[in-house]
Structure formats: C-alpha cells, structure tokens
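Structure file data21.cif (mmCIF, N, CA, C and O atoms) is printed below.
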data_input
loop_
_atom_site.group_PDB
_atom_site.id
_atom_site.type_symbol
_atom_site.label_atom_id
_atom_site.label_comp_id
_atom_site.auth_asym_id
_atom_site.auth_seq_id
_atom_site.Cartn_x
_atom_site.Cartn_y
_atom_site.Cartn_z
ATOM 1 N N ASP V 1 -135.365 5.329 17.258
ATOM 2 C CA ASP V 1 -134.036 5.317 17.837
ATOM 3 C C ASP V 1 -133.004 5.009 16.753
ATOM 4 O O ASP V 1 -133.322 4.416 15.736
ATOM 5 N N ILE V 2 -131.784 5.405 17.003
ATOM 6 C CA ILE V 2 -130.672 5.087 16.112
ATOM 7 C C ILE V 2 -129.688 4.227 16.886
ATOM 8 O O ILE V 2 -129.391 4.509 18.045
ATOM 9 N N ILE V 3 -129.202 3.186 16.252
ATOM 10 C CA ILE V 3 -128.219 2.301 16.857
ATOM 11 C C ILE V 3 -126.916 2.453 16.076
ATOM 12 O O ILE V 3 -126.909 2.371 14.844
ATOM 13 N N ILE V 4 -125.816 2.674 16.810
ATOM 14 C CA ILE V 4 -124.490 2.813 16.197
ATOM 15 C C ILE V 4 -123.578 1.763 16.809
ATOM 16 O O ILE V 4 -123.440 1.698 18.036
ATOM 17 N N ASN V 5 -122.993 0.912 15.977
ATOM 18 C CA ASN V 5 -122.028 -0.058 16.488
ATOM 19 C C ASN V 5 -120.798 0.689 16.975
ATOM 20 O O ASN V 5 -120.262 1.544 16.272
ATOM 21 N N ARG V 6 -120.359 0.357 18.162
ATOM 22 C CA ARG V 6 -119.296 1.098 18.812
ATOM 23 C C ARG V 6 -117.930 0.445 18.689
ATOM 24 O O ARG V 6 -116.910 1.116 18.717
ATOM 25 N N ILE V 7 -117.870 -0.867 18.531
ATOM 26 C CA ILE V 7 -116.589 -1.559 18.594
ATOM 27 C C ILE V 7 -116.554 -2.736 17.615
ATOM 28 O O ILE V 7 -117.588 -3.304 17.287
ATOM 29 N N GLY V 8 -115.362 -3.058 17.138
ATOM 30 C CA GLY V 8 -115.192 -4.221 16.270
ATOM 31 C C GLY V 8 -115.215 -3.876 14.795
ATOM 32 O O GLY V 8 -115.176 -2.715 14.402
ATOM 33 N N LYS V 9 -115.295 -4.916 13.973
ATOM 34 C CA LYS V 9 -115.224 -4.688 12.524
ATOM 35 C C LYS V 9 -116.416 -3.920 11.984
ATOM 36 O O LYS V 9 -116.359 -3.379 10.892
ATOM 37 N N CYS V 10 -117.482 -3.837 12.737
ATOM 38 C CA CYS V 10 -118.662 -3.072 12.306
ATOM 39 C C CYS V 10 -118.744 -1.709 12.980
ATOM 40 O O CYS V 10 -119.764 -1.035 12.884
ATOM 41 N N ALA V 11 -117.674 -1.278 13.659
ATOM 42 C CA ALA V 11 -117.683 0.021 14.336
ATOM 43 C C ALA V 11 -118.019 1.126 13.345
ATOM 44 O O ALA V 11 -117.505 1.167 12.239
ATOM 45 N N GLY V 12 -118.915 1.997 13.763
ATOM 46 C CA GLY V 12 -119.286 3.134 12.929
ATOM 47 C C GLY V 12 -120.481 2.901 12.031
ATOM 48 O O GLY V 12 -121.024 3.853 11.487
ATOM 49 N N TYR V 13 -120.907 1.655 11.875
ATOM 50 C CA TYR V 13 -122.122 1.421 11.098
ATOM 51 C C TYR V 13 -123.319 1.796 11.959
ATOM 52 O O TYR V 13 -123.344 1.515 13.150
ATOM 53 N N TRP V 14 -124.296 2.418 11.345
ATOM 54 C CA TRP V 14 -125.471 2.835 12.094
ATOM 55 C C TRP V 14 -126.731 2.474 11.337
ATOM 56 O O TRP V 14 -126.701 2.202 10.140
ATOM 57 N N GLN V 15 -127.840 2.468 12.069
ATOM 58 C CA GLN V 15 -129.118 2.105 11.473
ATOM 59 C C GLN V 15 -130.238 2.710 12.299
ATOM 60 O O GLN V 15 -130.133 2.816 13.522
ATOM 61 N N ILE V 16 -131.298 3.103 11.624
ATOM 62 C CA ILE V 16 -132.504 3.530 12.326
ATOM 63 C C ILE V 16 -133.226 2.270 12.773
ATOM 64 O O ILE V 16 -133.497 1.384 11.966
ATOM 65 N N TYR V 17 -133.496 2.187 14.065
ATOM 66 C CA TYR V 17 -134.156 1.010 14.642
ATOM 67 C C TYR V 17 -135.657 1.216 14.582
ATOM 68 O O TYR V 17 -136.189 2.191 15.110
ATOM 69 N N ASP V 18 -136.352 0.277 13.939
ATOM 70 C CA ASP V 18 -137.800 0.411 13.758
ATOM 71 C C ASP V 18 -138.610 -0.511 14.652
ATOM 72 O O ASP V 18 -139.816 -0.618 14.500
ATOM 73 N N GLY V 19 -137.948 -1.183 15.581
ATOM 74 C CA GLY V 19 -138.667 -2.037 16.513
ATOM 75 C C GLY V 19 -138.599 -3.510 16.170
ATOM 76 O O GLY V 19 -138.928 -4.344 16.993
ATOM 77 N N ASP V 20 -138.198 -3.856 14.943
ATOM 78 C CA ASP V 20 -138.053 -5.262 14.586
ATOM 79 C C ASP V 20 -136.816 -5.830 15.265
ATOM 80 O O ASP V 20 -135.901 -5.104 15.649
ATOM 81 N N ARG V 21 -136.773 -7.160 15.380
ATOM 82 C CA ARG V 21 -135.581 -7.800 15.937
ATOM 83 C C ARG V 21 -134.400 -7.511 15.035
ATOM 84 O O ARG V 21 -134.510 -7.545 13.814
ATOM 85 N N LEU V 22 -133.263 -7.241 15.654
ATOM 86 C CA LEU V 22 -132.104 -6.816 14.904
ATOM 87 C C LEU V 22 -130.855 -7.435 15.530
ATOM 88 O O LEU V 22 -130.605 -7.246 16.714
ATOM 89 N N PRO V 23 -130.088 -8.213 14.756
ATOM 90 C CA PRO V 23 -128.869 -8.804 15.331
ATOM 91 C C PRO V 23 -127.764 -7.753 15.421
ATOM 92 O O PRO V 23 -127.267 -7.283 14.404
ATOM 93 N N VAL V 24 -127.430 -7.331 16.641
ATOM 94 C CA VAL V 24 -126.375 -6.346 16.848
ATOM 95 C C VAL V 24 -125.486 -6.782 18.006
ATOM 96 O O VAL V 24 -125.853 -7.624 18.810
ATOM 97 N N SER V 25 -124.340 -6.180 18.062
ATOM 98 C CA SER V 25 -123.405 -6.401 19.154
ATOM 99 C C SER V 25 -123.964 -5.807 20.435
ATOM 100 O O SER V 25 -124.819 -4.919 20.399
ATOM 101 N N ASP V 26 -123.457 -6.258 21.560
ATOM 102 C CA ASP V 26 -123.849 -5.637 22.823
ATOM 103 C C ASP V 26 -123.071 -4.349 23.056
ATOM 104 O O ASP V 26 -123.293 -3.657 24.032
ATOM 105 N N CYS V 27 -122.156 -4.024 22.159
ATOM 106 C CA CYS V 27 -121.356 -2.796 22.261
ATOM 107 C C CYS V 27 -121.902 -1.766 21.295
ATOM 108 O O CYS V 27 -121.378 -1.581 20.195
ATOM 109 N N ILE V 28 -122.979 -1.110 21.699
ATOM 110 C CA ILE V 28 -123.632 -0.157 20.805
ATOM 111 C C ILE V 28 -123.852 1.173 21.509
ATOM 112 O O ILE V 28 -123.824 1.260 22.736
ATOM 113 N N ILE V 29 -124.054 2.202 20.715
ATOM 114 C CA ILE V 29 -124.499 3.503 21.192
ATOM 115 C C ILE V 29 -125.925 3.657 20.681
ATOM 116 O O ILE V 29 -126.193 3.413 19.507
ATOM 117 N N VAL V 30 -126.837 4.055 21.551
ATOM 118 C CA VAL V 30 -128.229 4.243 21.157
ATOM 119 C C VAL V 30 -128.570 5.721 21.278
ATOM 120 O O VAL V 30 -128.339 6.332 22.322
ATOM 121 N N VAL V 31 -129.095 6.292 20.211
ATOM 122 C CA VAL V 31 -129.577 7.667 20.223
ATOM 123 C C VAL V 31 -131.090 7.580 20.318
ATOM 124 O O VAL V 31 -131.754 7.172 19.359
ATOM 125 N N LYS V 32 -131.626 7.924 21.471
ATOM 126 C CA LYS V 32 -133.065 7.796 21.703
ATOM 127 C C LYS V 32 -133.818 8.947 21.051
ATOM 128 O O LYS V 32 -133.430 10.101 21.178
ATOM 129 N N SER V 33 -134.883 8.628 20.366
ATOM 130 C CA SER V 33 -135.791 9.599 19.753
ATOM 131 C C SER V 33 -135.062 10.734 19.038
ATOM 132 O O SER V 33 -135.229 11.901 19.376
ATOM 133 N N PRO V 34 -134.261 10.400 18.023
ATOM 134 C CA PRO V 34 -133.503 11.449 17.336
ATOM 135 C C PRO V 34 -134.409 12.342 16.490
ATOM 136 O O PRO V 34 -135.416 11.900 15.951
ATOM 137 N N GLY V 35 -134.023 13.591 16.391
ATOM 138 C CA GLY V 35 -134.720 14.509 15.499
ATOM 139 C C GLY V 35 -134.215 14.325 14.081
ATOM 140 O O GLY V 35 -133.201 13.665 13.838
ATOM 141 N N GLN V 36 -134.890 14.925 13.140
ATOM 142 C CA GLN V 36 -134.512 14.798 11.730
ATOM 143 C C GLN V 36 -133.128 15.373 11.472
ATOM 144 O O GLN V 36 -132.395 14.875 10.633
ATOM 145 N N GLU V 37 -132.725 16.416 12.219
ATOM 146 C CA GLU V 37 -131.398 17.007 12.042
ATOM 147 C C GLU V 37 -130.308 15.973 12.324
ATOM 148 O O GLU V 37 -129.325 15.884 11.585
ATOM 149 N N ILE V 38 -130.486 15.181 13.366
ATOM 150 C CA ILE V 38 -129.493 14.140 13.702
ATOM 151 C C ILE V 38 -129.414 13.107 12.591
ATOM 152 O O ILE V 38 -128.333 12.718 12.162
ATOM 153 N N VAL V 39 -130.549 12.674 12.101
ATOM 154 C CA VAL V 39 -130.578 11.692 11.011
ATOM 155 C C VAL V 39 -129.895 12.263 9.775
ATOM 156 O O VAL V 39 -129.099 11.578 9.125
ATOM 157 N N ASN V 40 -130.175 13.520 9.459
ATOM 158 C CA ASN V 40 -129.562 14.150 8.281
ATOM 159 C C ASN V 40 -128.045 14.224 8.409
ATOM 160 O O ASN V 40 -127.327 13.966 7.435
ATOM 161 N N VAL V 41 -127.536 14.590 9.590
ATOM 162 C CA VAL V 41 -126.089 14.663 9.789
ATOM 163 C C VAL V 41 -125.467 13.281 9.625
ATOM 164 O O VAL V 41 -124.444 13.119 8.955
ATOM 165 N N LEU V 42 -126.081 12.259 10.223
ATOM 166 C CA LEU V 42 -125.540 10.904 10.090
ATOM 167 C C LEU V 42 -125.526 10.451 8.637
ATOM 168 O O LEU V 42 -124.561 9.839 8.185
ATOM 169 N N ARG V 43 -126.578 10.752 7.911
ATOM 170 C CA ARG V 43 -126.620 10.372 6.486
ATOM 171 C C ARG V 43 -125.559 11.111 5.687
ATOM 172 O O ARG V 43 -124.913 10.537 4.814
ATOM 173 N N THR V 44 -125.385 12.394 5.966
ATOM 174 C CA THR V 44 -124.407 13.209 5.243
ATOM 175 C C THR V 44 -122.984 12.756 5.521
ATOM 176 O O THR V 44 -122.135 12.783 4.634
ATOM 177 N N LYS V 45 -122.721 12.316 6.742
ATOM 178 C CA LYS V 45 -121.364 11.944 7.159
ATOM 179 C C LYS V 45 -121.114 10.449 7.046
ATOM 180 O O LYS V 45 -120.211 9.915 7.683
ATOM 181 N N SER V 46 -121.912 9.747 6.245
ATOM 182 C CA SER V 46 -121.786 8.295 6.089
ATOM 183 C C SER V 46 -121.508 7.916 4.649
ATOM 184 O O SER V 46 -121.854 8.643 3.725
ATOM 185 N N ASN V 47 -120.916 6.754 4.496
ATOM 186 C CA ASN V 47 -120.714 6.158 3.184
ATOM 187 C C ASN V 47 -121.052 4.675 3.308
ATOM 188 O O ASN V 47 -120.392 3.967 4.049
ATOM 189 N N GLY V 48 -122.087 4.239 2.632
ATOM 190 C CA GLY V 48 -122.498 2.845 2.713
ATOM 191 C C GLY V 48 -122.974 2.441 4.092
ATOM 192 O O GLY V 48 -122.843 1.290 4.487
ATOM 193 N N GLY V 49 -123.509 3.397 4.864
ATOM 194 C CA GLY V 49 -124.015 3.096 6.197
ATOM 195 C C GLY V 49 -122.974 3.188 7.291
ATOM 196 O O GLY V 49 -123.285 2.975 8.456
ATOM 197 N N ARG V 50 -121.733 3.525 6.941
ATOM 198 C CA ARG V 50 -120.667 3.635 7.949
ATOM 199 C C ARG V 50 -120.228 5.083 8.071
ATOM 200 O O ARG V 50 -119.974 5.758 7.073
ATOM 201 N N LEU V 51 -120.148 5.554 9.303
ATOM 202 C CA LEU V 51 -119.736 6.928 9.546
ATOM 203 C C LEU V 51 -118.321 7.161 9.055
ATOM 204 O O LEU V 51 -117.439 6.333 9.255
ATOM 205 N N GLN V 52 -118.120 8.281 8.412
ATOM 206 C CA GLN V 52 -116.806 8.658 7.899
ATOM 207 C C GLN V 52 -116.110 9.531 8.942
ATOM 208 O O GLN V 52 -116.060 10.748 8.825
ATOM 209 N N ILE V 53 -115.613 8.874 9.980
ATOM 210 C CA ILE V 53 -114.930 9.529 11.084
ATOM 211 C C ILE V 53 -113.643 8.770 11.374
ATOM 212 O O ILE V 53 -113.503 7.614 10.979
ATOM 213 N N PRO V 54 -112.704 9.407 12.075
ATOM 214 C CA PRO V 54 -111.492 8.673 12.463
ATOM 215 C C PRO V 54 -111.841 7.588 13.485
ATOM 216 O O PRO V 54 -112.647 7.821 14.385
ATOM 217 N N TYR V 55 -111.248 6.437 13.328
ATOM 218 C CA TYR V 55 -111.476 5.336 14.257
ATOM 219 C C TYR V 55 -110.276 5.174 15.156
ATOM 220 O O TYR V 55 -109.158 5.519 14.789
ATOM 221 N N HIS V 56 -110.510 4.668 16.341
ATOM 222 C CA HIS V 56 -109.459 4.438 17.324
ATOM 223 C C HIS V 56 -109.140 2.947 17.356
ATOM 224 O O HIS V 56 -109.945 2.132 16.922
ATOM 225 N N GLY V 57 -107.994 2.612 17.912
ATOM 226 C CA GLY V 57 -107.630 1.207 18.083
ATOM 227 C C GLY V 57 -106.832 0.672 16.917
ATOM 228 O O GLY V 57 -106.849 1.217 15.823
ATOM 229 N N VAL V 58 -106.123 -0.408 17.178
ATOM 230 C CA VAL V 58 -105.305 -1.047 16.156
ATOM 231 C C VAL V 58 -105.890 -2.415 15.826
ATOM 232 O O VAL V 58 -106.375 -2.646 14.733
ATOM 233 N N ALA V 59 -105.855 -3.320 16.773
ATOM 234 C CA ALA V 59 -106.374 -4.670 16.539
ATOM 235 C C ALA V 59 -107.901 -4.679 16.473
ATOM 236 O O ALA V 59 -108.489 -5.488 15.772
ATOM 237 N N CYS V 60 -108.518 -3.764 17.203
ATOM 238 C CA CYS V 60 -109.984 -3.699 17.241
ATOM 239 C C CYS V 60 -110.383 -2.227 17.183
ATOM 240 O O CYS V 60 -110.108 -1.465 18.099
ATOM 241 N N GLN V 61 -111.000 -1.827 16.081
ATOM 242 C CA GLN V 61 -111.423 -0.438 15.933
ATOM 243 C C GLN V 61 -112.607 -0.140 16.839
ATOM 244 O O GLN V 61 -113.411 -1.012 17.137
ATOM 245 N N TYR V 62 -112.687 1.127 17.259
ATOM 246 C CA TYR V 62 -113.839 1.543 18.047
ATOM 247 C C TYR V 62 -114.090 3.032 17.854
ATOM 248 O O TYR V 62 -113.228 3.766 17.382
ATOM 249 N N VAL V 63 -115.304 3.455 18.194
ATOM 250 C CA VAL V 63 -115.685 4.862 18.186
ATOM 251 C C VAL V 63 -116.211 5.201 19.570
ATOM 252 O O VAL V 63 -116.641 4.325 20.313
ATOM 253 N N THR V 64 -116.175 6.483 19.904
ATOM 254 C CA THR V 64 -116.664 6.935 21.202
ATOM 255 C C THR V 64 -117.873 7.838 21.011
ATOM 256 O O THR V 64 -118.155 8.305 19.897
ATOM 257 N N ILE V 65 -118.538 8.118 22.108
ATOM 258 C CA ILE V 65 -119.666 9.044 22.047
ATOM 259 C C ILE V 65 -119.187 10.414 21.591
ATOM 260 O O ILE V 65 -119.860 11.092 20.818
ATOM 261 N N ASN V 66 -118.002 10.822 22.039
ATOM 262 C CA ASN V 66 -117.470 12.120 21.602
ATOM 263 C C ASN V 66 -117.218 12.152 20.103
ATOM 264 O O ASN V 66 -117.376 13.196 19.471
ATOM 265 N N ASP V 67 -116.819 11.026 19.507
ATOM 266 C CA ASP V 67 -116.657 10.971 18.048
ATOM 267 C C ASP V 67 -117.986 11.274 17.365
ATOM 268 O O ASP V 67 -118.022 11.979 16.351
ATOM 269 N N ILE V 68 -119.060 10.740 17.915
ATOM 270 C CA ILE V 68 -120.391 10.969 17.340
ATOM 271 C C ILE V 68 -120.782 12.433 17.537
ATOM 272 O O ILE V 68 -121.254 13.095 16.607
ATOM 273 N N LYS V 69 -120.557 12.972 18.731
ATOM 274 C CA LYS V 69 -120.892 14.377 18.998
ATOM 275 C C LYS V 69 -120.109 15.322 18.090
ATOM 276 O O LYS V 69 -120.619 16.353 17.677
ATOM 277 N N ASN V 70 -118.868 14.969 17.784
ATOM 278 C CA ASN V 70 -118.024 15.823 16.951
ATOM 279 C C ASN V 70 -118.508 15.918 15.512
ATOM 280 O O ASN V 70 -118.062 16.793 14.766
ATOM 281 N N LEU V 71 -119.425 15.072 15.096
ATOM 282 C CA LEU V 71 -119.967 15.144 13.741
ATOM 283 C C LEU V 71 -120.634 16.493 13.482
ATOM 284 O O LEU V 71 -120.667 16.971 12.362
ATOM 285 N N TRP V 72 -121.152 17.100 14.526
ATOM 286 C CA TRP V 72 -121.848 18.377 14.371
ATOM 287 C C TRP V 72 -120.873 19.537 14.310
ATOM 288 O O TRP V 72 -121.246 20.641 13.969
ATOM 289 N N GLU V 73 -119.612 19.311 14.638
ATOM 290 C CA GLU V 73 -118.612 20.376 14.608
ATOM 291 C C GLU V 73 -117.835 20.400 13.296
ATOM 292 O O GLU V 73 -117.145 21.364 13.021
ATOM 293 N N THR V 74 -117.931 19.333 12.506
ATOM 294 C CA THR V 74 -117.171 19.269 11.256
ATOM 295 C C THR V 74 -118.074 19.496 10.074
ATOM 296 O O THR V 74 -119.243 19.338 10.104
#
Take the structure I supplied and represent it as structure tokens, if you would.
Amino acid sequence: DIIINRIGKCAGYWQIYDGDRLPVSDCIIVVKSPGQEIVNVLRTKSNGGRLQIPYHGVACQYVTINDIKNLWET
C-alpha cells in the first residue's frame, strides 16, 4: 500500500507502507495494492518524498484525491 499525507505541514509526502508501525496523521490517503506504474509516477513527480503538485489552503496546506489522480494527466 501507499500512504499519502493529505493535510498539514507534511501534506503531499508519501511512502510505501511495508506493514511496520508507522507514525502518521489520521488525515491520509491510502492507495491499496498499487501497481508498479503508480509507484513510478509518484517517484517521478516527487522531490525528496513530497509530491510536486499545487497545494490548497493558506494556513494549512492540503491535497485532494483529485490532485493525486491528476498526476497521470500531467
């Protein structure tokens, strides 16, 4: 599975979840059983583990599921 932080100062950071305990926010997007194509797109569109996409919000940044889906269109 892939876990993507959805809100806050860590919005847009993602990680492949390997089953170990992992300290994350309760505001996450989970991609269940991703294929290699999804992993490759996330790696290509990331810098330092953070997705290079436009973020929403002023005081608190956030990303949406549509932001993640749009990675395949750009």
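Put simply, atom N of Tyr62 of chain V is 9.6 Å away from atom O of Cys27 of chain V.
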Backbone-only DSSP, alpha helix (DSSP H) members of chain V, as a PyMOL selection string: chain V and resi 36-44+65-69
Residues from last step as file, N, CA, C and O atoms, as a compact mmCIF listing (two decimals), in the frame of the given file:
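Result file follows (part01.txt):
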# COMPACT_ATOMS: atom_id res chain seq x y z
N GLN V 36 -134.89 14.92 13.14
CA GLN V 36 -134.51 14.80 11.73
C GLN V 36 -133.13 15.37 11.47
O GLN V 36 -132.40 14.88 10.63
N GLU V 37 -132.72 16.42 12.22
CA GLU V 37 -131.40 17.01 12.04
C GLU V 37 -130.31 15.97 12.32
O GLU V 37 -129.32 15.88 11.58
N ILE V 38 -130.49 15.18 13.37
CA ILE V 38 -129.49 14.14 13.70
C ILE V 38 -129.41 13.11 12.59
O ILE V 38 -128.33 12.72 12.16
N VAL V 39 -130.55 12.67 12.10
CA VAL V 39 -130.58 11.69 11.01
C VAL V 39 -129.90 12.26 9.78
O VAL V 39 -129.10 11.58 9.12
N ASN V 40 -130.18 13.52 9.46
CA ASN V 40 -129.56 14.15 8.28
C ASN V 40 -128.04 14.22 8.41
O ASN V 40 -127.33 13.97 7.44
N VAL V 41 -127.54 14.59 9.59
CA VAL V 41 -126.09 14.66 9.79
C VAL V 41 -125.47 13.28 9.62
O VAL V 41 -124.44 13.12 8.96
N LEU V 42 -126.08 12.26 10.22
CA LEU V 42 -125.54 10.90 10.09
C LEU V 42 -125.53 10.45 8.64
O LEU V 42 -124.56 9.84 8.18
N ARG V 43 -126.58 10.75 7.91
CA ARG V 43 -126.62 10.37 6.49
C ARG V 43 -125.56 11.11 5.69
O ARG V 43 -124.91 10.54 4.81
N THR V 44 -125.38 12.39 5.97
CA THR V 44 -124.41 13.21 5.24
C THR V 44 -122.98 12.76 5.52
O THR V 44 -122.14 12.78 4.63
N ILE V 65 -118.54 8.12 22.11
CA ILE V 65 -119.67 9.04 22.05
C ILE V 65 -119.19 10.41 21.59
O ILE V 65 -119.86 11.09 20.82
N ASN V 66 -118.00 10.82 22.04
CA ASN V 66 -117.47 12.12 21.60
C ASN V 66 -117.22 12.15 20.10
O ASN V 66 -117.38 13.20 19.47
N ASP V 67 -116.82 11.03 19.51
CA ASP V 67 -116.66 10.97 18.05
C ASP V 67 -117.99 11.27 17.36
O ASP V 67 -118.02 11.98 16.35
N ILE V 68 -119.06 10.74 17.92
CA ILE V 68 -120.39 10.97 17.34
C ILE V 68 -120.78 12.43 17.54
O ILE V 68 -121.25 13.10 16.61
N LYS V 69 -120.56 12.97 18.73
CA LYS V 69 -120.89 14.38 19.00
C LYS V 69 -120.11 15.32 18.09
O LYS V 69 -120.62 16.35 17.68
Hits of the PyMOL selection byres (((chain V and resi 3 and name CA) around 9) and name CA) in this structure, as a list in words: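 Evaluating the PyMOL selection byres (((chain V and resi 3 and name CA) around 9) and name CA) on this file yields Asp1, Ile2, Ile4, Asn5, Tyr13, Trp14, Gln15, Ile16, Tyr17, Val24, Ile28, Ile29, Val30, Val31 and Lys32 of chain V.
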Explicit residue set for the PyMOL selection byres ((chain V and resi 63) around 7), as JSON, numbers by chain: {"V": [5, 6, 7, 8, 11, 12, 54, 55, 56, 61, 62, 64, 65, 66, 67, 68]}
Report as lines of an AutoDock Vina configuration file the centre and the edge lengths, in Å to one decimal, of the axis-aligned box holding every listed atom of segment 33-43 of chain V, padded by 4 Å on each side.
center_x = -130.1
center_y = 12.8
center_z = 12.6
size_x = 19.3
size_y = 16.4
size_z = 23.6
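Atom pair atom CA of Gln52 of chain V / atom N of Ile38 of chain V has a distance of 16.1 Å (rounded to one decimal).
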Atomic distance atom CA of Cys60 of chain V - atom N of Leu42 of chain V, expressed in Å with one decimal: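 Between atom CA of Cys60 of chain V and atom N of Leu42 of chain V the gap works out to 23.7 Å.
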Option closest in space to Lys45 of chain V, from V:Asn70, V:Arg21, V:Cys10, V:Val58 [counting only C-alpha atoms]: V:Asn70
DSSP strand (DSSP E or B) selection over chain V, as a PyMOL selection string: chain V and resi 2-5+7+13-16+28-31+46-47+50-51+56+62
